[in-house]
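Colleague: Structure incoming, see below.
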Amino acid sequence: MLIPITQEKFEQLIPLVASAEQYQYYWGKTEDFLRRALISFILVVLFYLLGLLLRETDSLRLLTQIIGGLYWFWSPIYSASLKNAEYRRQAYCFFWRGKILDVYLTEEIVRTQEEVDKLGRLLRVENRERRINLEVGDKEGYLARIQAPVAPIHRNLKPGQAVELLVLSNQRNLGPKLKVTDAYVPRLNLWVGLYPYLRRDVFWDVREQLRVRYSKNPNNPPPRPYPKRPTTRFSRNY
């Protein structure tokens with residue numbers, strides 16, 4: 001099932017500014033925070049020295065130091081907003097419902113770094129991560145592959161289970177360069193993906209509206225997996 005989404009609703013689903021889940025994603029681990037904190041310290045010192053060199057006013061020098069000192073805080077917002085912008089530039093957006101065609105594990109290189117061994121030789125070290133892979137499609141055939149870091153609940157993923165996501169493209173007939181978001185598996189109330197593109201609450205509102213329109217039993221929707229929130233009315237042409 002492929003249903004067009006209006007531009008207004010699309011911009012709510014993939015926000016301009018980072019959502020809570022996206023901010024948490026880019027917040028990272030302890031070492032990521034420490035790296036940002038170090039950069040913040042360097043920026044404060046750099047802006048202070050530049051302010052003295054360029055003879056900036058005290059207020060301007062203070063402002064630049066505050067911006068640099070808060071790098072650890074606003075950097076995840078900036079990174080998530082850049083990633084969202086890549087998807088928000090797509091001209092067409094569709095709600096898609098299909099099924100899982102295959103499930104398998106792989107090991108992917110997530111980071112490479114150079115280290116010096118005891119003999120002084122420069123070595124290239126690869127950090128790998130085990131990932132779950134979902135190949136999804138419908139009666140038209142294969143659509144895309146979705147990856148996520150392996151978690152215990154992924155053991156419950158099986159071929160044939162329904163899956164929902166957004167499909168984006170610059171061509172109305174999709175074409176070969178389509179993009180897909182993280183996927184929702186209703187049976188498990190589970191999100192699968194490397195990055196949380198979608199606002200969960202807005203996605204739930206959209207799928208519930210579509211279920212009411214297309215379901216044979218519109219008055220008997222499934223239990224809502226997130227706290228009920230006020231919904232806004234929007235065009236019946238998604």
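Identifiers in the structure tokens: chain A, B, ... in order shown; residue index from 1 per chain; ligand index from 1 in order shown.
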Show me a table, sorted first by chain and then by increasing residue number, of the residues of region 24-94 of chain A having an atom at most 9 Å from region 197-203 of chain A, each with its shortest atom pair and the distance in Å to one decimal, counting only C-alpha atoms and written as JSON lines.
Modeller:
```
{"residue": "A:Lys83", "atom": "CA", "partner": "A:Tyr197", "partner_atom": "CA", "distance": 8.6}
{"residue": "A:Asn84", "atom": "CA", "partner": "A:Tyr197", "partner_atom": "CA", "distance": 7.0}
{"residue": "A:Tyr87", "atom": "CA", "partner": "A:Tyr197", "partner_atom": "CA", "distance": 8.7}
```
Colleague: Keeping only C-alpha atoms, write those residues as a PDB file, in the first residue's frame.
Modeller:
```
ATOM      1  CA  LYS A  83      20.507  14.916   8.300  1.00  0.00           C
ATOM      2  CA  ASN A  84      16.799  15.766   8.325  1.00  0.00           C
ATOM      3  CA  TYR A  87      15.284  13.955   3.402  1.00  0.00           C
TER       4      TYR A  87
END
```
Colleague: Using only C-alpha atoms, which protein or nucleic acid residues come within 6 Å of region 28-37 of chain A? Drop anything in the same chain fewer than 3 positions from it, and give the result as a ChimeraX atom specification.
Modeller: /A:25,40,72
Colleague: Give me, as a Markdown table, each residue of region 120-175 of chain A that comes within 12 Å of region 1-14 of chain A, together with its shortest interatomic pair and the distance in Å at one decimal, counting only C-alpha atoms, with rows ordered by chain and rising residue number.
Modeller:
```
| residue | atom | partner | partner_atom | distance |
| --- | --- | --- | --- | --- |
| A:Gly137 | CA | A:Met1 | CA | 10.2 |
| A:Asp138 | CA | A:Met1 | CA | 8.0 |
| A:Lys139 | CA | A:Met1 | CA | 9.2 |
| A:Glu140 | CA | A:Met1 | CA | 9.9 |
| A:Leu143 | CA | A:Leu2 | CA | 11.6 |
| A:Ala162 | CA | A:Met1 | CA | 11.1 |
| A:Val163 | CA | A:Met1 | CA | 10.7 |
| A:Glu164 | CA | A:Met1 | CA | 9.4 |
| A:Leu165 | CA | A:Leu2 | CA | 10.0 |
| A:Leu166 | CA | A:Ile5 | CA | 9.0 |
| A:Val167 | CA | A:Leu2 | CA | 8.5 |
| A:Leu168 | CA | A:Phe10 | CA | 9.9 |
| A:Ser169 | CA | A:Pro4 | CA | 11.5 |
| A:Arg172 | CA | A:Pro4 | CA | 9.7 |
| A:Asn173 | CA | A:Leu2 | CA | 11.0 |
| A:Leu174 | CA | A:Leu2 | CA | 10.8 |
```
Colleague: If DSSP is run on the backbone, what residues of region 32-208 of chain A are strand (DSSP E or B)? A reply as a PyMOL selection string would be ideal.
Modeller: chain A and resi 92-116+122-138+141-149+162-169+179-180+183-185+190-192
Colleague: Could you give me, as a list in words, the residues within 12 Å of Leu70 (chain A), counting only C-alpha atoms and dropping anything in the same chain fewer than 6 positions from it?
Modeller: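 Counting only the stated atoms, we get Phe33, Arg36, Ala37, Leu38, Ile39, Ser40, Phe41, Ile42, Leu43, Val44, Leu63, Thr64, Pro76 and Ile77 of chain A.
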Colleague: When you count only C-alpha atoms, which of these residues is closest to Pro176 (chain A): A:Phe95, A:Phe47, A:Tyr142, A:Phe73?
Modeller: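 Comparing A:Phe95, A:Phe47, A:Tyr142, A:Phe73 against Pro176 (chain A), the winner is A:Tyr142.
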